[in-house]
$ cat target_18.pdb   # PDB, C-alpha atoms, pLDDT in the B column
ATOM      1  CA  MET A   1      30.145  28.912  22.599  1.00 66.00           C
ATOM      2  CA  THR A   2      30.615  26.576  25.524  1.00 85.00           C
ATOM      3  CA  LYS A   3      31.284  22.879  25.219  1.00 84.00           C
ATOM      4  CA  LYS A   4      27.976  22.086  26.899  1.00 85.00           C
ATOM      5  CA  ARG A   5      26.038  24.216  24.407  1.00 86.00           C
ATOM      6  CA  THR A   6      27.893  22.603  21.477  1.00 85.00           C
ATOM      7  CA  TYR A   7      26.991  19.123  22.748  1.00 82.00           C
ATOM      8  CA  ILE A   8      23.343  20.090  23.179  1.00 83.00           C
ATOM      9  CA  ILE A   9      23.162  21.454  19.629  1.00 83.00           C
ATOM     10  CA  LEU A  10      24.881  18.311  18.310  1.00 84.00           C
ATOM     11  CA  ILE A  11      22.461  16.030  20.180  1.00 86.00           C
ATOM     12  CA  ILE A  12      19.452  17.993  18.901  1.00 88.00           C
ATOM     13  CA  ALA A  13      20.775  17.771  15.336  1.00 82.00           C
ATOM     14  CA  ILE A  14      21.367  14.016  15.637  1.00 85.00           C
ATOM     15  CA  LEU A  15      17.881  13.465  17.085  1.00 83.00           C
ATOM     16  CA  GLY A  16      16.407  15.538  14.265  1.00 81.00           C
ATOM     17  CA  VAL A  17      18.188  13.473  11.609  1.00 80.00           C
ATOM     18  CA  LEU A  18      17.100  10.234  13.294  1.00 79.00           C
ATOM     19  CA  GLY A  19      13.532  11.512  13.517  1.00 74.00           C
ATOM     20  CA  LEU A  20      13.484  12.322   9.804  1.00 74.00           C
ATOM     21  CA  TYR A  21      14.987   8.945   8.948  1.00 74.00           C
ATOM     22  CA  PHE A  22      12.358   6.986  10.902  1.00 72.00           C
ATOM     23  CA  TYR A  23       9.521   9.210   9.697  1.00 69.00           C
ATOM     24  CA  ASN A  24      10.514   8.611   6.068  1.00 65.00           C
ATOM     25  CA  LYS A  25      11.058   4.898   6.647  1.00 68.00           C
ATOM     26  CA  TYR A  26       7.663   4.224   8.266  1.00 72.00           C
ATOM     27  CA  ASN A  27       5.365   7.042   7.123  1.00 70.00           C
ATOM     28  CA  VAL A  28       6.302   7.775   3.516  1.00 68.00           C
ATOM     29  CA  ALA A  29       5.370   5.359   0.742  1.00 79.00           C
ATOM     30  CA  PRO A  30       8.446   4.188  -1.136  1.00 79.00           C
ATOM     31  CA  THR A  31       8.928   4.987  -4.801  1.00 85.00           C
ATOM     32  CA  ILE A  32       8.147   1.710  -6.527  1.00 91.00           C
ATOM     33  CA  ASP A  33       7.797   0.884 -10.200  1.00 91.00           C
ATOM     34  CA  ILE A  34       4.556  -1.027  -9.690  1.00 91.00           C
ATOM     35  CA  ALA A  35       4.550  -2.401 -13.253  1.00 89.00           C
ATOM     36  CA  LYS A  36       7.921  -4.088 -12.696  1.00 91.00           C
ATOM     37  CA  LEU A  37       7.014  -5.914  -9.488  1.00 93.00           C
ATOM     38  CA  ASP A  38       7.547  -9.652  -9.608  1.00 95.00           C
ATOM     39  CA  VAL A  39       4.159 -10.951  -8.428  1.00 96.00           C
ATOM     40  CA  VAL A  40       2.323 -14.238  -8.830  1.00 96.00           C
ATOM     41  CA  ASP A  41      -1.256 -15.392  -8.362  1.00 95.00           C
ATOM     42  CA  GLN A  42      -2.436 -18.284  -6.200  1.00 94.00           C
ATOM     43  CA  ASP A  43      -1.442 -20.754  -8.921  1.00 95.00           C
ATOM     44  CA  THR A  44       2.098 -19.281  -9.067  1.00 94.00           C
ATOM     45  CA  ASN A  45       1.376 -17.784 -12.485  1.00 96.00           C
ATOM     46  CA  LYS A  46       3.304 -14.583 -13.075  1.00 96.00           C
ATOM     47  CA  PHE A  47       0.962 -11.572 -13.142  1.00 96.00           C
ATOM     48  CA  ASP A  48       1.842  -8.625 -15.382  1.00 95.00           C
ATOM     49  CA  ILE A  49       0.559  -5.496 -13.650  1.00 93.00           C
ATOM     50  CA  SER A  50       1.242  -3.444 -16.774  1.00 91.00           C
ATOM     51  CA  SER A  51      -1.508  -5.501 -18.468  1.00 93.00           C
ATOM     52  CA  LEU A  52      -3.956  -3.331 -16.517  1.00 93.00           C
ATOM     53  CA  LYS A  53      -2.908  -0.221 -18.441  1.00 92.00           C
ATOM     54  CA  GLY A  54      -6.096   1.495 -19.563  1.00 93.00           C
ATOM     55  CA  LYS A  55      -7.812   0.719 -16.252  1.00 94.00           C
ATOM     56  CA  LYS A  56      -7.921   2.582 -12.964  1.00 95.00           C
ATOM     57  CA  VAL A  57      -6.219   0.503 -10.285  1.00 96.00           C
ATOM     58  CA  ILE A  58      -5.958   0.485  -6.502  1.00 96.00           C
ATOM     59  CA  VAL A  59      -2.889  -1.420  -5.318  1.00 97.00           C
ATOM     60  CA  SER A  60      -3.063  -2.350  -1.655  1.00 96.00           C
ATOM     61  CA  PHE A  61      -0.045  -3.928   0.018  1.00 97.00           C
ATOM     62  CA  TYR A  62      -1.406  -5.895   2.970  1.00 97.00           C
ATOM     63  CA  ALA A  63      -0.822  -8.800   5.338  1.00 97.00           C
ATOM     64  CA  SER A  64      -3.454 -11.159   6.695  1.00 96.00           C
ATOM     65  CA  TRP A  65      -2.308 -10.450  10.279  1.00 96.00           C
ATOM     66  CA  CYS A  66      -2.533  -6.640   9.971  1.00 95.00           C
ATOM     67  CA  PRO A  67      -5.739  -5.195  11.537  1.00 95.00           C
ATOM     68  CA  ASN A  68      -5.617  -1.931   9.539  1.00 94.00           C
ATOM     69  CA  CYS A  69      -5.030  -3.879   6.318  1.00 96.00           C
ATOM     70  CA  ILE A  70      -7.962  -6.176   7.009  1.00 96.00           C
ATOM     71  CA  GLU A  71     -10.233  -3.236   7.814  1.00 95.00           C
ATOM     72  CA  GLU A  72      -9.203  -1.302   4.712  1.00 96.00           C
ATOM     73  CA  LEU A  73      -9.814  -4.289   2.426  1.00 96.00           C
ATOM     74  CA  LYS A  74     -13.161  -4.875   4.163  1.00 96.00           C
ATOM     75  CA  VAL A  75     -14.233  -1.285   3.476  1.00 95.00           C
ATOM     76  CA  LEU A  76     -13.011  -1.462  -0.139  1.00 95.00           C
ATOM     77  CA  ASN A  77     -15.086  -4.612  -0.554  1.00 95.00           C
ATOM     78  CA  SER A  78     -18.187  -2.963   0.912  1.00 93.00           C
ATOM     79  CA  ILE A  79     -18.028  -0.071  -1.579  1.00 93.00           C
ATOM     80  CA  LYS A  80     -16.552  -1.932  -4.576  1.00 90.00           C
ATOM     81  CA  ASN A  81     -19.774  -2.664  -6.489  1.00 89.00           C
ATOM     82  CA  GLN A  82     -21.509   0.677  -5.932  1.00 90.00           C
ATOM     83  CA  LYS A  83     -18.687   3.201  -5.872  1.00 91.00           C
ATOM     84  CA  LEU A  84     -15.619   1.506  -7.357  1.00 91.00           C
ATOM     85  CA  SER A  85     -17.170  -0.637 -10.084  1.00 91.00           C
ATOM     86  CA  ASP A  86     -14.831   0.734 -12.774  1.00 93.00           C
ATOM     87  CA  ILE A  87     -11.703   0.267 -10.645  1.00 94.00           C
ATOM     88  CA  GLU A  88      -9.515  -2.838 -10.344  1.00 95.00           C
ATOM     89  CA  VAL A  89      -8.240  -3.693  -6.865  1.00 96.00           C
ATOM     90  CA  LEU A  90      -4.951  -5.550  -6.499  1.00 97.00           C
ATOM     91  CA  ALA A  91      -4.287  -6.910  -3.021  1.00 97.00           C
ATOM     92  CA  ILE A  92      -0.592  -7.773  -2.768  1.00 98.00           C
ATOM     93  CA  THR A  93       1.007  -9.573   0.166  1.00 97.00           C
ATOM     94  CA  ASP A  94       4.480 -10.882   0.865  1.00 97.00           C
ATOM     95  CA  GLU A  95       3.081 -13.878   2.707  1.00 97.00           C
ATOM     96  CA  SER A  96       3.096 -17.423   1.380  1.00 96.00           C
ATOM     97  CA  ILE A  97       0.696 -18.576  -1.320  1.00 95.00           C
ATOM     98  CA  GLU A  98      -1.004 -20.771   1.293  1.00 96.00           C
ATOM     99  CA  LYS A  99      -1.765 -17.730   3.447  1.00 96.00           C
ATOM    100  CA  LEU A 100      -2.895 -15.768   0.382  1.00 96.00           C
ATOM    101  CA  VAL A 101      -5.320 -18.568  -0.585  1.00 96.00           C
ATOM    102  CA  ALA A 102      -6.610 -18.915   2.989  1.00 97.00           C
ATOM    103  CA  PHE A 103      -7.246 -15.163   3.258  1.00 97.00           C
ATOM    104  CA  LYS A 104      -8.838 -14.975  -0.190  1.00 96.00           C
ATOM    105  CA  THR A 105     -11.068 -17.968   0.553  1.00 96.00           C
ATOM    106  CA  LYS A 106     -12.087 -16.580   3.935  1.00 96.00           C
ATOM    107  CA  THR A 107     -12.941 -13.087   2.681  1.00 95.00           C
ATOM    108  CA  GLN A 108     -14.322 -13.859  -0.799  1.00 95.00           C
ATOM    109  CA  TYR A 109     -13.452 -10.302  -1.890  1.00 95.00           C
ATOM    110  CA  PRO A 110     -13.687  -9.573  -5.640  1.00 94.00           C
ATOM    111  CA  PHE A 111     -10.072  -8.448  -5.833  1.00 96.00           C
ATOM    112  CA  THR A 112      -7.049  -9.806  -7.629  1.00 96.00           C
ATOM    113  CA  PHE A 113      -4.952 -11.359  -4.875  1.00 97.00           C
ATOM    114  CA  LEU A 114      -1.232 -11.621  -5.536  1.00 97.00           C
ATOM    115  CA  THR A 115       1.934 -12.359  -3.638  1.00 97.00           C
ATOM    116  CA  ILE A 116       5.223 -10.645  -4.274  1.00 96.00           C
ATOM    117  CA  THR A 117       8.263 -12.875  -4.650  1.00 92.00           C
ATOM    118  CA  ALA A 118      10.343 -10.583  -2.401  1.00 92.00           C
ATOM    119  CA  GLN A 119       9.687  -9.483   1.154  1.00 95.00           C
ATOM    120  CA  PHE A 120       8.175  -6.014   1.590  1.00 95.00           C
ATOM    121  CA  PRO A 121      11.329  -4.467   3.145  1.00 93.00           C
ATOM    122  CA  GLU A 122      13.280  -5.524   0.044  1.00 93.00           C
ATOM    123  CA  ILE A 123      11.151  -3.129  -2.048  1.00 93.00           C
ATOM    124  CA  GLY A 124      11.145  -0.388   0.593  1.00 91.00           C
ATOM    125  CA  ILE A 125       7.840  -1.145   2.342  1.00 92.00           C
ATOM    126  CA  ASN A 126       8.421  -1.047   6.086  1.00 91.00           C
ATOM    127  CA  SER A 127       4.907  -0.311   7.297  1.00 90.00           C
ATOM    128  CA  ILE A 128       1.523  -1.543   6.036  1.00 94.00           C
ATOM    129  CA  PRO A 129      -1.025  -1.019   4.667  1.00 96.00           C
ATOM    130  CA  VAL A 130       0.449   0.900   1.758  1.00 95.00           C
ATOM    131  CA  THR A 131      -1.863   2.027  -1.017  1.00 96.00           C
ATOM    132  CA  TYR A 132      -1.070   3.264  -4.510  1.00 95.00           C
ATOM    133  CA  LEU A 133      -3.565   4.558  -7.061  1.00 95.00           C
ATOM    134  CA  LEU A 134      -2.796   4.135 -10.748  1.00 95.00           C
ATOM    135  CA  ASN A 135      -4.482   6.112 -13.493  1.00 95.00           C
ATOM    136  CA  THR A 136      -5.382   4.643 -16.879  1.00 94.00           C
ATOM    137  CA  LYS A 137      -1.839   5.342 -18.130  1.00 93.00           C
ATOM    138  CA  GLY A 138      -0.424   3.139 -15.373  1.00 92.00           C
ATOM    139  CA  GLU A 139       1.045   6.146 -13.544  1.00 93.00           C
ATOM    140  CA  ILE A 140       1.041   6.391  -9.757  1.00 93.00           C
ATOM    141  CA  VAL A 141      -1.170   9.371  -8.915  1.00 94.00           C
ATOM    142  CA  TYR A 142      -1.430   8.836  -5.149  1.00 94.00           C
ATOM    143  CA  ASN A 143       0.269   6.846  -2.416  1.00 93.00           C
ATOM    144  CA  ASN A 144      -0.378   6.457   1.272  1.00 93.00           C
ATOM    145  CA  VAL A 145       1.096   4.583   4.213  1.00 92.00           C
ATOM    146  CA  GLY A 146      -1.606   3.591   6.687  1.00 90.00           C
ATOM    147  CA  TYR A 147      -5.353   3.262   6.606  1.00 91.00           C
ATOM    148  CA  VAL A 148      -7.226   5.243   3.932  1.00 92.00           C
ATOM    149  CA  GLU A 149     -10.685   6.549   4.883  1.00 91.00           C
ATOM    150  CA  TRP A 150     -12.519   5.059   1.886  1.00 92.00           C
ATOM    151  CA  ASN A 151     -15.875   5.533   3.659  1.00 89.00           C
ATOM    152  CA  ASP A 152     -15.456   9.315   3.685  1.00 90.00           C
ATOM    153  CA  GLU A 153     -17.294  10.558   0.576  1.00 91.00           C
ATOM    154  CA  SER A 154     -15.071  13.579  -0.039  1.00 91.00           C
ATOM    155  CA  THR A 155     -11.911  11.462   0.299  1.00 89.00           C
ATOM    156  CA  LEU A 156     -13.355   8.811  -2.003  1.00 89.00           C
ATOM    157  CA  GLU A 157     -14.368  11.326  -4.665  1.00 91.00           C
ATOM    158  CA  HIS A 158     -11.000  13.064  -4.482  1.00 89.00           C
ATOM    159  CA  LEU A 159      -9.073   9.798  -4.846  1.00 92.00           C
ATOM    160  CA  LYS A 160     -11.273   8.656  -7.720  1.00 89.00           C
ATOM    161  CA  SER A 161     -10.748  11.991  -9.501  1.00 90.00           C
ATOM    162  CA  LEU A 162      -6.975  11.538  -9.278  1.00 89.00           C
ATOM    163  CA  MET A 163      -7.257   8.331 -11.321  1.00 87.00           C
ATOM    164  CA  GLU A 164      -9.022  10.033 -14.262  1.00 84.00           C
TER
END
$ encode --input "target_18.pdb" --output "structure tokens"
Amino acid sequence: MTKKRTYIILIIAILGVLGLYFYNKYNVAPTIDIAKLDVVDQDTNKFDISSLKGKKVIVSFYASWCPNCIEELKVLNSIKNQKLSDIEVLAITDESIEKLVAFKTKTQYPFTFLTITAQFPEIGINSIPVTYLLNTKGEIVYNNVGYVEWNDESTLEHLKSLME
């Protein structure tokens, strides 16, 4: 094998490893113990996510400046009463309480708005929105990085069935 060929193979291997690293970092939802997250409500009261055990829960990590996050929360709001009435929605940001309150006041969505006491990268979230679905046992049954097509009936029914 020539030196040139060896270098080419080495470069391809390095690029492949880098590609996998960045794909995993930005396109794969991190493994998080949702129940152990340190989150607070707008009044800085600690919120115990494990208190929702027995309920189906959508956990959406968002930011008020993120267009895909805003759109996803808007769609969830539009279908909440008719199609998600038995499901709790937690909207979690890493922004300040002031920004959380401003966004909550502006949107008036019937969700539980929380802020995490850490920054998203500290818990492995490097791209938003990130969505987790919890079943009634509090187990993560689905996760997704990026916008979820909640308006698509087959997607919605599939995701709801996972939470049973």
$ residues_around --input "target_18.pdb" --residues "segment 40-46 of chain A" --least-positions-apart "2" --cutoff "9 Å" --atoms "only C-alpha atoms" --output "ChimeraX atom specification"
/A:38,48,97-98,100-101,112-117
$ closest_residue --input "target_18.pdb" --among "A:Ile87, A:Val148, A:Ser161, A:Ile14" --to "Ile70 of chain A" --atoms "all atoms listed in the file"
A:Val148
$ atom_distance --input "target_18.pdb" --atom1 "atom CA of Pro121 of chain A" --atom2 "atom CA of Asn27 of chain A"
13.6 Å
$ closest_residue --input "target_18.pdb" --among "A:Ile8, A:Asp94, A:Ile58, A:Thr105" --to "Leu159 of chain A" --atoms "only C-alpha atoms"
A:Ile58
$ atom_distance --input "target_18.pdb" --atom1 "atom CA of Glu88 of chain A" --atom2 "atom CA of Val57 of chain A"
4.7 Å
$ closest_residue --input "target_18.pdb" --among "A:Val89, A:Val75, A:Ile123, A:Ile12" --to "Leu37 of chain A" --atoms "only C-alpha atoms"
A:Ile123
$ atom_distance --input "target_18.pdb" --atom1 "atom CA of Val145 of chain A" --atom2 "atom CA of Glu71 of chain A"
14.2 Å
$ resolve_selection --input "target_18.pdb" --expression "the PyMOL selection byres ((chain A and resi 63) around 9)" --output "tab-separated table (two decimals) with C-alpha atoms, in the coordinates of the input"
chain	number	residue	atom	x	y	z
A	61	PHE	CA	-0.04	-3.93	0.02
A	62	TYR	CA	-1.41	-5.90	2.97
A	64	SER	CA	-3.45	-11.16	6.70
A	65	TRP	CA	-2.31	-10.45	10.28
A	66	CYS	CA	-2.53	-6.64	9.97
A	67	PRO	CA	-5.74	-5.20	11.54
A	69	CYS	CA	-5.03	-3.88	6.32
A	70	ILE	CA	-7.96	-6.18	7.01
A	92	ILE	CA	-0.59	-7.77	-2.77
A	93	THR	CA	1.01	-9.57	0.17
A	94	ASP	CA	4.48	-10.88	0.86
A	95	GLU	CA	3.08	-13.88	2.71
A	100	LEU	CA	-2.90	-15.77	0.38
A	128	ILE	CA	1.52	-1.54	6.04
A	129	PRO	CA	-1.02	-1.02	4.67
$ resolve_selection --input "target_18.pdb" --expression "the PyMOL selection byres ((chain A and resi 26) around 12)" --output "short mmCIF file (atom, residue, chain, number, x, y, z; two decimals) with C-alpha atoms, keeping the file's coordinate frame"
data_model
loop_
_atom_site.label_atom_id
_atom_site.label_comp_id
_atom_site.auth_asym_id
_atom_site.auth_seq_id
_atom_site.Cartn_x
_atom_site.Cartn_y
_atom_site.Cartn_z
CA GLY A 19 13.53 11.51 13.52
CA LEU A 20 13.48 12.32 9.80
CA TYR A 21 14.99 8.94 8.95
CA PHE A 22 12.36 6.99 10.90
CA TYR A 23 9.52 9.21 9.70
CA ASN A 24 10.51 8.61 6.07
CA LYS A 25 11.06 4.90 6.65
CA ASN A 27 5.36 7.04 7.12
CA VAL A 28 6.30 7.78 3.52
CA ALA A 29 5.37 5.36 0.74
CA PRO A 30 8.45 4.19 -1.14
CA PRO A 121 11.33 -4.47 3.14
CA GLY A 124 11.14 -0.39 0.59
CA ILE A 125 7.84 -1.14 2.34
CA ASN A 126 8.42 -1.05 6.09
CA SER A 127 4.91 -0.31 7.30
CA ILE A 128 1.52 -1.54 6.04
CA PRO A 129 -1.02 -1.02 4.67
CA VAL A 130 0.45 0.90 1.76
CA ASN A 144 -0.38 6.46 1.27
CA VAL A 145 1.10 4.58 4.21
CA GLY A 146 -1.61 3.59 6.69
#
$ closest_residue --input "target_18.pdb" --among "A:Gly54, A:Thr6, A:Tyr109, A:Glu153" --to "Asn81 of chain A" --atoms "all atoms listed in the file"
A:Tyr109
$ residues_around --input "target_18.pdb" --residues "Glu139 of chain A" --least-positions-apart "2" --cutoff "10 Å" --atoms "all atoms listed in the file" --output "ChimeraX atom specification"
/A:33-35,53,56-57,132-137,141-142,163
$ write_last_selection --input "target_18.pdb" --atoms "C-alpha atoms" --output "PDB file, in the frame of the given file"
ATOM      1  CA  ASP A  33       7.797   0.884 -10.200  1.00 91.00           C
ATOM      2  CA  ILE A  34       4.556  -1.027  -9.690  1.00 91.00           C
ATOM      3  CA  ALA A  35       4.550  -2.401 -13.253  1.00 89.00           C
ATOM      4  CA  LYS A  53      -2.908  -0.221 -18.441  1.00 92.00           C
ATOM      5  CA  LYS A  56      -7.921   2.582 -12.964  1.00 95.00           C
ATOM      6  CA  VAL A  57      -6.219   0.503 -10.285  1.00 96.00           C
ATOM      7  CA  TYR A 132      -1.070   3.264  -4.510  1.00 95.00           C
ATOM      8  CA  LEU A 133      -3.565   4.558  -7.061  1.00 95.00           C
ATOM      9  CA  LEU A 134      -2.796   4.135 -10.748  1.00 95.00           C
ATOM     10  CA  ASN A 135      -4.482   6.112 -13.493  1.00 95.00           C
ATOM     11  CA  THR A 136      -5.382   4.643 -16.879  1.00 94.00           C
ATOM     12  CA  LYS A 137      -1.839   5.342 -18.130  1.00 93.00           C
ATOM     13  CA  VAL A 141      -1.170   9.371  -8.915  1.00 94.00           C
ATOM     14  CA  TYR A 142      -1.430   8.836  -5.149  1.00 94.00           C
ATOM     15  CA  MET A 163      -7.257   8.331 -11.321  1.00 87.00           C
TER      16      MET A 163
END
$ closest_residue --input "target_18.pdb" --among "A:Leu84, A:Ile9, A:Leu90, A:Ala102" --to "Asn151 of chain A" --atoms "all atoms listed in the file"
A:Leu84
$ resolve_selection --input "target_18.pdb" --expression "the PyMOL selection byres ((chain A and resi 78) around 12)" --output "VMD selection string"
chain A and resid 71 to 77 79 to 85 107 to 111 150 to 151
$ axis_aligned_box --input "target_18.pdb" --around "segment 11-30 of chain A" --padding-each-side "4 Å" --output "AutoDock Vina command-line options"
--center_x 13.9 --center_y 11.1 --center_z 9.5 --size_x 25.1 --size_y 21.8 --size_z 29.3
